[in-house]
4 protein chains.
Amino acid sequence: MNTFGHKFRLTSFGESHGEAIGGVIDGCPAGILLDTDFIRSELDRRKPGQSDLTTSRREPDRVEFLSGIYKGKTTGTPIGFLVRNTNQQPSDYDPLETVFRPSHADYTYQYKYGIRDHRGGGRSSARETIARVVGGAIAKQVLEKQGVSVIAYTSQVGSIQLDLPYSQLDFHFIEQTPVRCPDPETAGRMCELIRQVQSEGDTLGGVISCVCKGVPCGLGEPVFGKLHAALGNAMLSINAAKGFDYGMGFAGIHQKGSEVNDPFYRRADGQTGTKTNHSGGIQGGISNGETIYFRVAFKPVATLLREQATVDRHGAETVLKMSGRHDPCVLPRAVPVVEAMAAMTLLDYYLLNNAGGHDETSFSR
Amino acid sequence: MNTFGHKFRLTSFGESHGEAIGGVIDGCPAGILLDTDFIRSELDRRKPGQSDLTTSRREPDRVEFLSGIYKGKTTGTPIGFLVRNTNQQPSDYDPLETVFRPSHADYTYQYKYGIRDHRGGGRSSARETIARVVGGAIAKQVLEKQGVSVIAYTSQVGSIQLDLPYSQLDFHFIEQTPVRCPDPETAGRMCELIRQVQSEGDTLGGVISCVCKGVPCGLGEPVFGKLHAALGNAMLSINAAKGFDYGMGFAGIHQKGSEVNDPFYRRADGQTGTKTNHSGGIQGGISNGETIYFRVAFKPVATLLREQATVDRHGAETVLKMSGRHDPCVLPRAVPVVEAMAAMTLLDYYLLNNAGGHDETSFSR
Amino acid sequence: MNTFGHKFRLTSFGESHGEAIGGVIDGCPAGILLDTDFIRSELDRRKPGQSDLTTSRREPDRVEFLSGIYKGKTTGTPIGFLVRNTNQQPSDYDPLETVFRPSHADYTYQYKYGIRDHRGGGRSSARETIARVVGGAIAKQVLEKQGVSVIAYTSQVGSIQLDLPYSQLDFHFIEQTPVRCPDPETAGRMCELIRQVQSEGDTLGGVISCVCKGVPCGLGEPVFGKLHAALGNAMLSINAAKGFDYGMGFAGIHQKGSEVNDPFYRRADGQTGTKTNHSGGIQGGISNGETIYFRVAFKPVATLLREQATVDRHGAETVLKMSGRHDPCVLPRAVPVVEAMAAMTLLDYYLLNNAGGHDETSFSR
Amino acid sequence: MNTFGHKFRLTSFGESHGEAIGGVIDGCPAGILLDTDFIRSELDRRKPGQSDLTTSRREPDRVEFLSGIYKGKTTGTPIGFLVRNTNQQPSDYDPLETVFRPSHADYTYQYKYGIRDHRGGGRSSARETIARVVGGAIAKQVLEKQGVSVIAYTSQVGSIQLDLPYSQLDFHFIEQTPVRCPDPETAGRMCELIRQVQSEGDTLGGVISCVCKGVPCGLGEPVFGKLHAALGNAMLSINAAKGFDYGMGFAGIHQKGSEVNDPFYRRADGQTGTKTNHSGGIQGGISNGETIYFRVAFKPVATLLREQATVDRHGAETVLKMSGRHDPCVLPRAVPVVEAMAAMTLLDYYLLNNAGGHDETSFSR
């Protein structure tokens with residue numbers, strides 16, 4: 001259950017304060033010239049200490065590739081990689097060996113396994129997403145050759161919401177704001193809110209939106225492998241994710257069928273398209289060639305710099321007050337993780353797709 | 001991809017107007033005395049013609065078990081079953097052989113496979129959920145022996161929303177209202193709205209909420225097998241589902257960490273519990289023993305009794321007007337499907353759980 | 001674990017004396033025009049009562065397809081099918097409810113599941129292979145379009161061995177002998193031996209050889225998905241199979257490397273071939289374009305018409321004497337089962353193969 | 001396809017002359033105190049340079065654990081590990097970049113992937129078994145707590161065969177002979193033969209036998225997850241394996257049913273046993289509590305120190321003569337690999353087994 005995917009598969013390992021975080025990517029097509037600078041830049045987007053909005057820990061997060069690449073190209077064999085854990089201050093975590101942090105995974109891990117590495121959250125630490133970002137950075141490079149792009153951004157922080165649809169946004173602004181919101185004015189208000197809440201020792205949640213362009217028609221497998229179910233599963237596997245919707249999603253509930261059905265029409269290039277895209281690029285669980293878009297809800301960070309009631313391993317009630325370096329809002333750093341999971345899902349379904357239909361050597365001819 | 005689950009597995013088959021809908025349940029524990037009346041009653045909850053809110057088609061939907069049961073008990077071998085399709089009027093569907101219904105799966109199936117059984121939606125028909133309901137009815141019976149219950153209800157239709165949290169609802173009312181909403185007054189308004197929209201040839205969507213009680217602590221597998229990700233995947237595999245959230249979900253975004261963290265405390269029975277349950281019974285992807293609750297968003301039914309612009313298989317633009325018997329709102333009949341998918345997911349994860357921790361013969365002793 | 005395959009998947013269900021034997025084939029490419037007469041003829045090859053060498057039970061074994069086929073063609077959706085069980089004389093099996101037949105699955109099923117359908121062996125009956133033969137008959141038709149053929153034959157019965165290599169055999173004789181051995185003289189001696197042993201109430205085992213021609217180069221996945229490991233797994237899943245080898249197999253142990261290495265050469269068509277084929281068409285777990293051949297060892301049938309010492313469900317020692325209609329040698333009827341499992345395996349690996357190399361749209365271009 | 005197992009899963013990565021060989025073990029039960037000295041000693045058993053019978057390369061093969069272990073105990077999270085590649089002399093392999101070694105995986109990898117790391121066989125190198133031995137060494141430690149032992153030995157080299165059944169062998173001698181044959185006299189003759197053939201620049205194959213004691217009754221899943229099929233699949237995934245049989249195997253073909261059926265009897269402890277064990281501890285695909293034993297055939301090593309005809313990447317015929325350090329017979333070093341694969345398979349099926357029957361909290365009570 002530490003493996004993601006069917007044909008393009010990421011197996012991840014590692015705890016926050018163990019030796020290393022890493023993974024194995026199996027099923028990557030052969031012959032891809034990998035841009036390792038790009039992989040590094042993706043890791044930089046998720047690492048702490050990027051701005052005053054994120055934890056000030058500094059983790060160089062240098063990725064080392066151990067296999068599967070020869071003369072810069074993928075060979076089709078498994079790509080092993082690791083990132084060493086450094087800058088560890090495990091004694092910070094000594095009290096957490098016996099006390100459970102509220103709304104963290106401490107208690108459930110202890111119950112399930114009877115043992116856990118409590119330091120920095122161990123396996124349930126956000127550091128685990130390093131492996132996902134590496135996998136996603138490779139998937140993105142394969143998808144790019146097929147004309148597929150995946151872009152995510154922060155669309156809500158607390159109650160501050162970006163109301164514009166994706167088609168009216170300029171994605172070039174995303175990386176120019178510390179909160180990764182493509183509307184500079186909204187981004188500014190989000191940052192301000194985060195700083196204020198941080199000063200209170202409190203935390204915020206929000207929504208990340210993701211837009212996938214160029215996805216070919218036909219990806220997705222009925223009935224239990226619907227493409228949006230796979231995307232939902234991928235997103236909900238990210239730490240702190242509490243919800244997922246795609247296309248019109250929860251918002252579409254307020255509308256009638258006649259308002260949200262997407263009429264088909266003949267595009268200028270002769271292909272079939274839809275005039276609107278309330279479906280979100282997926283119909284019957286299969287991509288229809290339109291842009292795929294979805295949202296992921298993240299809860300406020302569970303680590304507060306305030307006193308909280310809790311219990312210890314022996315069931316005795318106690319009070320916990322965390323100190324140290326913690327993100328007040330996970331969203332800015334979760335943006336590349338959402339992209340990574342989306343990219344791996346799309347590539348996996350791209351590779352799964354040989355149904356006998358339109359795009360390939362037909363079995364029936 | 002027509003198989004759901006890891007240890008408790010449902011493989012489903014069948015088209016709306018083929019010979020039969022059916023499935024194979026593999027991995028059901030042996031020795032369970034099955035109550036076939038209960039399975040039949042669950043099928044009755046999803047069948048058409050239950051009330052004036054649903055399509056008036058009458059389908060007896062008699063399930064026949066073919067294997068895996070001996071003297072009324074499960075034997076641990078695969079349970080094959082089928083429901084014959086009757087009352088077929090395939091000529092109703094003749095125009096749909098070449099014309100794509102907007103926001104249905106017609107176009108994407110045709111593109112992916114190059115061929116499809118267009119009659120009644122073929123494989124993408126809601127009739128496919130028969131197999132799920134049978135699987136769920138068996139899973140519920142196994143779960144019941146472990147003290148686990150799964151109950152779903154309609155919590156929103158169009159803009160009419162049931163605002164009460166699950167803890168303040170009397171679930172006995174659910175089956176007493178045609179819309180399966182446990183608050184009779186809200187249910188009445190929902191029914192009225194559905195009838196009105198139906199008279200306009202239009203359709204509605206909504207939200208189904210689901211509550212799972214008695215789930216033991218420790219179910220869920222890090223990091224890509226989180227219990228809520230599995231539930232999300234299951235729910236998003238249901239036709240017309242557009243979104244999923246659990247616990248505080250999308251609503252929790254507006255709150256701060258200090259408002260939504262769930263403090264641990266020592267319960268009267270000496271066990272560890274949480275005072276609040278914003279987490280929704282799952283922390284770090286693993287059940288914590290509290291009640292699990294989640295929501296599923298459904299889009300308005302795509303089949304309208306109105307003219308809609310579309311194209312045919314040759315890409316030519318045309319106009320489609322459907323007639324006949326169709327649900328104006330999928331929610332009342334989707335309630336047992338949501339329960340079925342939840343029950344199968346929980347049982348699957350129950351059977352998957354032998355991590356070495358609290359509840360079982362420990363490997364380390 | 002009642003599902004076989006990754007992309008082309010057979011899920012089977014059914015007990016010998018339950019309602020039906022059947023299955024679901026998922027992942028069959030769309031658009032294949034199925035020859036149902038061929039499927040029926042394959043079932044005829046495995047059914048009892050074909051000759052005086054097999055049990056005299058008569059089972060019509062009429063297959064009914066329930067889904068996945070539209071106007072005679074596969075649609076890419078699951079193909080559900082069943083064969084009703086008829087001609088049941090369950091009272092024959094009454095003593096077996098409490099007594100375990102030696103070297104059968106009675107005891108292990110009872111232990112594992114705590115319950116079993118004892119009639120005719122229940123799930124462990126050879127009737128279960130009906131589902132395999134249906135799956136194989138469909139796989140063969142898909143493979144045939146790719147130029148792949150799969151032919152098996154009896155190469156040993158007891159100590160009577162067919163010594164000729166596959167290249168010197170005329171496969172047209174296979175179906176002309178009741179024992180399915182392509183050398184009529186050897187076949188005659190095999191039949192004679194079977195009749196003699198049968199008259200003693202005893203049974204025989206033997207070897208089935210299988211030859212797969214036209215398999216394209218590149219099938220098989222390193223390192224745990226080697227093509228021969230998949231074939232071995234498939235063959236060893238057949239009832240009564242005790243061993244598997246491919247290429248030179250166990251016989252090659254006696255030779256040196258210089259005697260069995262296969263030198264590469266340039267074939268007349270410019271392609272690379274091997275001058276000899278001790279490798280059996282697979283190198284490093286991947287097909288090399290040469291003919292694949294392998295052997296499967298079957299033990300003597302466990303059902304004897306003689307007294308045997310055994311115990312009952314309560315552990316008390318007793319004596320069992322079976323009567324009735326039983327095959328003295330499983331091999332003639334197992335030949336189509338070996339072919340079916342080989343065909344499903346090859347098609348599965350054909351569909352799995354999109355590594356980025358020679359045969360497909362390369363990702364690297 | 002670089003992942004082995006269902007619940008206890010090994011994902012391996014690494015090429016012979018890349019940075020490292022390693023893997024991730026997922027699903028190991030929590031709370032196991034690992035003996036790392038034992039893991040190291042198992043690696044020593046597979047490493048080159050142990051005796052004059054094996055290649056003289058010296059590889060320290062120091063394993064580094066990266067995750068999943070806390071204070072010496074498994075935590076239930078993935079165990080990442082690696083062994084750095086050292087002592088690389090890749091220039092030795094320069095000619096092999098373009099020329100295919102006969103009966104190696106060079107040609108098939110090149111065809112399948114269009115690219116390969118030719119150095120030392122790349123991914124198809126026997127060095128890949130390092131990951132298996134680490135996984136097996138951990139599985140053995142878990143199994144030991146359940147009373148299960150797994151022991152393999154060389155039972156045939158070329159035509160020199162150890163004729164004694166496992167019950168008459170003293171396994172303490174295995175590690176005292178360089179060829180790992182428990183009969184010192186036979187071992188001596190095997191060593192002599194290997195040295196002689198080595199001096200001719202030629203190579204040998206043989207058979208490894210494996211004996212698993214203490215396996216509880218009930219492991220194995222019908223019908224496509226039979227325990228012996230899983231073992232066969234595991235063994236055939238080892239480099240150079242050409243065949244597998246269990247129990248009486250291929251040898252049993254020559255006997256009649258009455259000679260090989262295993263009568264049940266009541267053991268002194270009141271349990272049910274079999275008087276003989278031709279079944280090899282598995283009946284109907286499920287372990288019956290008796291000793292499991294099986295054989296694996298290995299072909300002669302493909303790397304000869306002689307001239308061989310072959311072709312290059314452009315299809316041109318050429319002659320290849322390898323030099324350097326190569327094993328003349330793979331068997332002595334393959335013994336721990338056979339044990340490792342058997343141990344991982346047995347533990348995987350141990351963890352898979354919760355069918356509802358004898359050994360666990362029954363669902364039916």
# chains A, B, ... in the order shown; residues from 1 in each chain; ligands from 1

call {"tool": "interface_residues", "arguments": {"of": "chain A", "to": "chain D", "cutoff": "10 Å", "atoms": "only C-alpha atoms", "output": "count of residues only"}}
result
58

call {"tool": "select_by_dssp", "arguments": {"residues": "range 134-217 of chain B", "states": "helix (DSSP H, G or I)", "output": "compact mmCIF listing (two decimals) with all heavy atoms, in the first residue's frame"}}
result
# COMPACT_ATOMS: atom_id res chain seq x y z
N VAL B 134 -25.73 -5.94 -4.60
CA VAL B 134 -25.63 -7.32 -4.13
C VAL B 134 -24.35 -7.50 -3.31
O VAL B 134 -24.38 -8.04 -2.19
CB VAL B 134 -25.66 -8.32 -5.32
CG1 VAL B 134 -25.36 -9.73 -4.84
CG2 VAL B 134 -27.01 -8.26 -6.02
N GLY B 135 -23.24 -7.00 -3.86
CA GLY B 135 -21.98 -7.09 -3.11
C GLY B 135 -22.06 -6.39 -1.77
O GLY B 135 -21.59 -6.90 -0.74
N GLY B 136 -22.67 -5.22 -1.78
CA GLY B 136 -22.79 -4.45 -0.54
C GLY B 136 -23.68 -5.14 0.47
O GLY B 136 -23.41 -5.11 1.68
N ALA B 137 -24.75 -5.78 -0.01
CA ALA B 137 -25.67 -6.44 0.91
C ALA B 137 -24.99 -7.61 1.61
O ALA B 137 -25.29 -7.93 2.77
CB ALA B 137 -26.91 -6.93 0.15
N ILE B 138 -24.07 -8.25 0.91
CA ILE B 138 -23.31 -9.33 1.55
C ILE B 138 -22.27 -8.75 2.50
O ILE B 138 -22.11 -9.22 3.63
CB ILE B 138 -22.68 -10.24 0.46
CG1 ILE B 138 -23.80 -11.01 -0.25
CG2 ILE B 138 -21.65 -11.18 1.06
CD1 ILE B 138 -23.34 -11.83 -1.44
N ALA B 139 -21.59 -7.71 2.06
CA ALA B 139 -20.59 -7.07 2.94
C ALA B 139 -21.24 -6.56 4.22
O ALA B 139 -20.68 -6.71 5.32
CB ALA B 139 -19.90 -5.93 2.20
N LYS B 140 -22.42 -5.97 4.10
CA LYS B 140 -23.11 -5.47 5.30
C LYS B 140 -23.36 -6.58 6.30
O LYS B 140 -23.26 -6.39 7.51
CB LYS B 140 -24.46 -4.87 4.90
CG LYS B 140 -24.41 -3.45 4.38
CD LYS B 140 -25.83 -2.96 4.11
CE LYS B 140 -25.83 -1.54 3.58
NZ LYS B 140 -27.21 -1.07 3.31
N GLN B 141 -23.70 -7.77 5.81
CA GLN B 141 -23.99 -8.88 6.71
C GLN B 141 -22.74 -9.35 7.44
O GLN B 141 -22.80 -9.76 8.60
CB GLN B 141 -24.65 -10.03 5.95
CG GLN B 141 -26.02 -9.64 5.41
CD GLN B 141 -26.75 -10.80 4.75
OE1 GLN B 141 -26.93 -11.85 5.34
NE2 GLN B 141 -27.20 -10.60 3.52
N VAL B 142 -21.59 -9.30 6.75
CA VAL B 142 -20.35 -9.67 7.42
C VAL B 142 -19.97 -8.59 8.43
O VAL B 142 -19.57 -8.88 9.56
CB VAL B 142 -19.21 -9.89 6.39
CG1 VAL B 142 -17.96 -10.39 7.10
CG2 VAL B 142 -19.63 -10.86 5.30
N LEU B 143 -20.11 -7.33 8.01
CA LEU B 143 -19.75 -6.22 8.91
C LEU B 143 -20.63 -6.21 10.16
O LEU B 143 -20.17 -5.87 11.25
CB LEU B 143 -19.89 -4.88 8.17
CG LEU B 143 -18.82 -4.57 7.13
CD1 LEU B 143 -19.21 -3.31 6.36
CD2 LEU B 143 -17.44 -4.39 7.77
N GLU B 144 -21.90 -6.54 9.96
CA GLU B 144 -22.83 -6.49 11.09
C GLU B 144 -22.34 -7.39 12.23
O GLU B 144 -22.47 -7.04 13.41
CB GLU B 144 -24.21 -6.95 10.62
CG GLU B 144 -25.32 -6.63 11.60
CD GLU B 144 -26.64 -7.25 11.17
OE1 GLU B 144 -26.60 -8.30 10.50
OE2 GLU B 144 -27.69 -6.68 11.50
N LYS B 145 -21.75 -8.52 11.87
CA LYS B 145 -21.23 -9.42 12.90
C LYS B 145 -20.07 -8.79 13.66
O LYS B 145 -19.73 -9.22 14.76
CB LYS B 145 -20.77 -10.73 12.26
CG LYS B 145 -21.93 -11.58 11.79
CD LYS B 145 -21.41 -12.86 11.13
CE LYS B 145 -22.59 -13.65 10.55
NZ LYS B 145 -23.53 -14.11 11.59
N TYR B 166 -25.20 14.67 11.44
CA TYR B 166 -25.71 13.30 11.53
C TYR B 166 -26.13 12.92 12.94
O TYR B 166 -27.03 12.11 13.15
CB TYR B 166 -24.68 12.30 11.00
CG TYR B 166 -23.44 12.15 11.84
CD1 TYR B 166 -23.38 11.25 12.90
CD2 TYR B 166 -22.28 12.89 11.56
CE1 TYR B 166 -22.24 11.10 13.67
CE2 TYR B 166 -21.14 12.76 12.33
CZ TYR B 166 -21.13 11.87 13.38
OH TYR B 166 -20.01 11.72 14.14
N SER B 167 -25.46 13.52 13.91
CA SER B 167 -25.75 13.12 15.30
C SER B 167 -27.13 13.58 15.75
O SER B 167 -27.65 13.10 16.76
CB SER B 167 -24.68 13.70 16.22
OG SER B 167 -24.59 15.10 16.01
N GLN B 168 -27.72 14.50 15.00
CA GLN B 168 -29.04 14.99 15.41
C GLN B 168 -30.16 14.45 14.54
O GLN B 168 -31.28 14.97 14.58
CB GLN B 168 -29.05 16.53 15.38
CG GLN B 168 -28.07 17.13 16.39
CD GLN B 168 -27.98 18.64 16.26
OE1 GLN B 168 -28.93 19.30 15.88
NE2 GLN B 168 -26.81 19.18 16.56
N PHE B 171 -32.44 8.24 11.96
CA PHE B 171 -32.29 7.50 10.70
C PHE B 171 -33.51 6.64 10.38
O PHE B 171 -33.65 6.16 9.25
CB PHE B 171 -31.03 6.65 10.72
CG PHE B 171 -29.75 7.45 10.71
CD1 PHE B 171 -28.55 6.89 11.11
CD2 PHE B 171 -29.74 8.77 10.28
CE1 PHE B 171 -27.37 7.62 11.08
CE2 PHE B 171 -28.55 9.51 10.25
CZ PHE B 171 -27.37 8.93 10.65
N HIS B 172 -34.38 6.43 11.35
CA HIS B 172 -35.55 5.61 11.07
C HIS B 172 -36.47 6.25 10.04
O HIS B 172 -37.27 5.57 9.40
CB HIS B 172 -36.33 5.33 12.35
CG HIS B 172 -35.56 4.48 13.30
ND1 HIS B 172 -34.89 4.99 14.38
CD2 HIS B 172 -35.30 3.15 13.30
CE1 HIS B 172 -34.27 4.02 15.02
NE2 HIS B 172 -34.50 2.88 14.39
N PHE B 173 -36.35 7.57 9.90
CA PHE B 173 -37.21 8.24 8.92
C PHE B 173 -36.73 8.06 7.48
O PHE B 173 -37.46 8.37 6.54
CB PHE B 173 -37.29 9.75 9.24
CG PHE B 173 -38.13 10.05 10.45
CD1 PHE B 173 -37.56 10.56 11.61
CD2 PHE B 173 -39.51 9.82 10.42
CE1 PHE B 173 -38.34 10.84 12.73
CE2 PHE B 173 -40.29 10.11 11.53
CZ PHE B 173 -39.71 10.61 12.69
N ILE B 174 -35.47 7.64 7.31
CA ILE B 174 -34.90 7.62 5.95
C ILE B 174 -35.78 6.87 4.97
O ILE B 174 -36.16 7.39 3.92
CB ILE B 174 -33.47 7.01 5.96
CG1 ILE B 174 -32.52 7.90 6.76
CG2 ILE B 174 -32.96 6.82 4.54
CD1 ILE B 174 -31.14 7.29 6.99
N GLU B 175 -36.12 5.63 5.33
CA GLU B 175 -36.87 4.81 4.39
C GLU B 175 -38.36 5.18 4.34
O GLU B 175 -39.10 4.62 3.54
CB GLU B 175 -36.71 3.33 4.74
CG GLU B 175 -35.30 2.81 4.52
CD GLU B 175 -34.86 2.94 3.06
OE1 GLU B 175 -35.59 2.50 2.16
OE2 GLU B 175 -33.76 3.51 2.83
N GLN B 176 -38.76 6.11 5.18
CA GLN B 176 -40.17 6.51 5.18
C GLN B 176 -40.45 7.67 4.25
O GLN B 176 -41.61 8.07 4.07
CB GLN B 176 -40.61 6.85 6.61
CG GLN B 176 -40.52 5.63 7.53
CD GLN B 176 -40.93 5.96 8.96
OE1 GLN B 176 -41.62 6.93 9.20
NE2 GLN B 176 -40.50 5.13 9.89
N PRO B 184 -38.29 14.64 7.85
CA PRO B 184 -39.51 14.58 7.03
C PRO B 184 -39.87 15.93 6.40
O PRO B 184 -40.30 15.98 5.24
CB PRO B 184 -40.58 14.13 8.03
CG PRO B 184 -39.83 13.38 9.07
CD PRO B 184 -38.51 14.07 9.19
N GLU B 185 -39.66 17.00 7.09
CA GLU B 185 -40.03 18.31 6.55
C GLU B 185 -39.14 18.66 5.35
O GLU B 185 -39.65 19.05 4.29
CB GLU B 185 -39.90 19.37 7.66
CG GLU B 185 -40.43 20.75 7.27
CD GLU B 185 -39.37 21.57 6.54
OE1 GLU B 185 -38.16 21.39 6.83
OE2 GLU B 185 -39.75 22.36 5.66
N THR B 186 -37.83 18.50 5.53
CA THR B 186 -36.91 18.76 4.41
C THR B 186 -37.21 17.81 3.26
O THR B 186 -37.21 18.20 2.08
CB THR B 186 -35.45 18.59 4.87
OG1 THR B 186 -35.25 19.33 6.07
CG2 THR B 186 -34.48 19.07 3.81
N ALA B 187 -37.47 16.55 3.61
CA ALA B 187 -37.78 15.55 2.59
C ALA B 187 -38.97 16.00 1.76
O ALA B 187 -38.98 15.88 0.52
CB ALA B 187 -38.08 14.20 3.25
N GLY B 188 -39.97 16.56 2.42
CA GLY B 188 -41.15 17.01 1.70
C GLY B 188 -40.81 18.10 0.69
O GLY B 188 -41.26 18.06 -0.47
N ARG B 189 -39.98 19.03 1.11
CA ARG B 189 -39.61 20.10 0.19
C ARG B 189 -38.78 19.58 -0.97
O ARG B 189 -38.88 20.01 -2.10
CB ARG B 189 -38.85 21.19 0.94
CG ARG B 189 -39.79 22.02 1.87
CD ARG B 189 -39.07 23.24 2.39
NE ARG B 189 -38.02 22.86 3.33
CZ ARG B 189 -36.76 23.32 3.30
NH1 ARG B 189 -36.39 24.18 2.36
NH2 ARG B 189 -35.87 22.94 4.19
N MET B 190 -37.91 18.62 -0.67
CA MET B 190 -37.11 18.02 -1.74
C MET B 190 -38.02 17.35 -2.78
O MET B 190 -37.82 17.52 -3.99
CB MET B 190 -36.15 16.98 -1.16
CG MET B 190 -34.98 17.56 -0.36
SD MET B 190 -34.05 16.23 0.48
CE MET B 190 -32.61 17.12 1.08
N CYS B 191 -38.99 16.59 -2.31
CA CYS B 191 -39.88 15.88 -3.23
C CYS B 191 -40.64 16.88 -4.11
O CYS B 191 -40.78 16.67 -5.33
CB CYS B 191 -40.89 15.04 -2.44
SG CYS B 191 -40.13 13.66 -1.57
N GLU B 192 -41.08 17.93 -3.49
CA GLU B 192 -41.83 18.94 -4.22
C GLU B 192 -40.96 19.53 -5.34
O GLU B 192 -41.39 19.69 -6.48
CB GLU B 192 -42.24 20.03 -3.24
CG GLU B 192 -43.43 20.86 -3.67
CD GLU B 192 -43.83 21.79 -2.51
OE1 GLU B 192 -43.58 21.40 -1.34
OE2 GLU B 192 -44.35 22.88 -2.78
N LEU B 193 -39.72 19.85 -4.98
CA LEU B 193 -38.81 20.43 -5.97
C LEU B 193 -38.56 19.44 -7.12
O LEU B 193 -38.57 19.83 -8.30
CB LEU B 193 -37.48 20.79 -5.30
CG LEU B 193 -36.41 21.37 -6.24
CD1 LEU B 193 -36.87 22.69 -6.84
CD2 LEU B 193 -35.08 21.57 -5.50
N ILE B 194 -38.38 18.19 -6.78
CA ILE B 194 -38.11 17.19 -7.83
C ILE B 194 -39.32 17.11 -8.77
O ILE B 194 -39.16 17.13 -10.00
CB ILE B 194 -37.82 15.81 -7.21
CG1 ILE B 194 -36.50 15.85 -6.42
CG2 ILE B 194 -37.75 14.73 -8.29
CD1 ILE B 194 -36.18 14.57 -5.65
N ARG B 195 -40.53 17.08 -8.22
CA ARG B 195 -41.71 16.97 -9.07
C ARG B 195 -41.85 18.18 -9.99
O ARG B 195 -42.20 18.06 -11.15
CB ARG B 195 -42.97 16.84 -8.20
CG ARG B 195 -43.13 15.45 -7.60
CD ARG B 195 -44.47 15.22 -6.94
NE ARG B 195 -44.36 14.07 -6.05
CZ ARG B 195 -44.20 14.15 -4.72
NH1 ARG B 195 -44.16 15.33 -4.11
NH2 ARG B 195 -44.08 13.04 -4.02
N GLN B 196 -41.53 19.34 -9.44
CA GLN B 196 -41.65 20.55 -10.24
C GLN B 196 -40.65 20.55 -11.41
O GLN B 196 -41.01 20.81 -12.56
CB GLN B 196 -41.41 21.76 -9.34
CG GLN B 196 -41.42 23.10 -10.07
CD GLN B 196 -40.62 24.15 -9.29
OE1 GLN B 196 -40.71 24.23 -8.06
NE2 GLN B 196 -39.84 24.94 -10.02
N VAL B 197 -39.41 20.22 -11.08
CA VAL B 197 -38.37 20.21 -12.13
C VAL B 197 -38.67 19.12 -13.16
O VAL B 197 -38.47 19.31 -14.36
CB VAL B 197 -36.98 20.02 -11.48
CG1 VAL B 197 -35.93 19.70 -12.52
CG2 VAL B 197 -36.61 21.28 -10.70
N GLN B 198 -39.18 17.99 -12.68
CA GLN B 198 -39.54 16.90 -13.59
C GLN B 198 -40.60 17.38 -14.59
O GLN B 198 -40.55 17.05 -15.77
CB GLN B 198 -40.08 15.73 -12.78
CG GLN B 198 -40.46 14.51 -13.62
CD GLN B 198 -40.87 13.33 -12.74
OE1 GLN B 198 -41.34 13.52 -11.63
NE2 GLN B 198 -40.65 12.12 -13.25
N SER B 199 -41.54 18.17 -14.11
CA SER B 199 -42.62 18.63 -14.99
C SER B 199 -42.08 19.57 -16.07
O SER B 199 -42.71 19.77 -17.10
CB SER B 199 -43.69 19.34 -14.16
OG SER B 199 -43.21 20.60 -13.73

call {"tool": "residues_around", "arguments": {"residues": "Leu304 in chain A", "least_positions_apart": "5", "cutoff": "8 Å", "atoms": "only C-alpha atoms", "output": "ChimeraX atom specification"}}
result
/A:201-203,321-322 /B:257-258

call {"tool": "select_by_dssp", "arguments": {"residues": "range 15-174 of chain B", "states": "strand (DSSP E)", "output": "ChimeraX atom specification"}}
result
/B:20-26,63-65,69-70,73-74,79-84,149-157,160-161

call {"tool": "residues_around", "arguments": {"residues": "Ala241 in chain C", "least_positions_apart": "3", "cutoff": "7 Å", "atoms": "only C-alpha atoms", "output": "short mmCIF file (atom, residue, chain, number, x, y, z; two decimals) with N, CA and C atoms, in the first residue's frame"}}
result
data_model
loop_
_atom_site.label_atom_id
_atom_site.label_comp_id
_atom_site.auth_asym_id
_atom_site.auth_seq_id
_atom_site.Cartn_x
_atom_site.Cartn_y
_atom_site.Cartn_z
N LEU C 236 0.81 -24.38 -13.34
CA LEU C 236 0.75 -24.99 -12.01
C LEU C 236 -0.58 -24.68 -11.31
N ILE C 238 -3.32 -25.39 -12.75
CA ILE C 238 -4.24 -26.42 -13.25
C ILE C 238 -4.24 -27.59 -12.26
N VAL C 296 4.35 -29.76 -18.94
CA VAL C 296 3.65 -29.75 -17.66
C VAL C 296 3.47 -31.18 -17.19
N ALA C 297 3.92 -31.45 -15.95
CA ALA C 297 3.77 -32.80 -15.37
C ALA C 297 2.46 -32.89 -14.61
N PHE C 298 1.70 -33.95 -14.87
CA PHE C 298 0.46 -34.21 -14.13
C PHE C 298 0.58 -35.49 -13.33
N LYS C 299 0.12 -35.45 -12.12
CA LYS C 299 0.18 -36.64 -11.27
C LYS C 299 -0.94 -37.61 -11.68
#
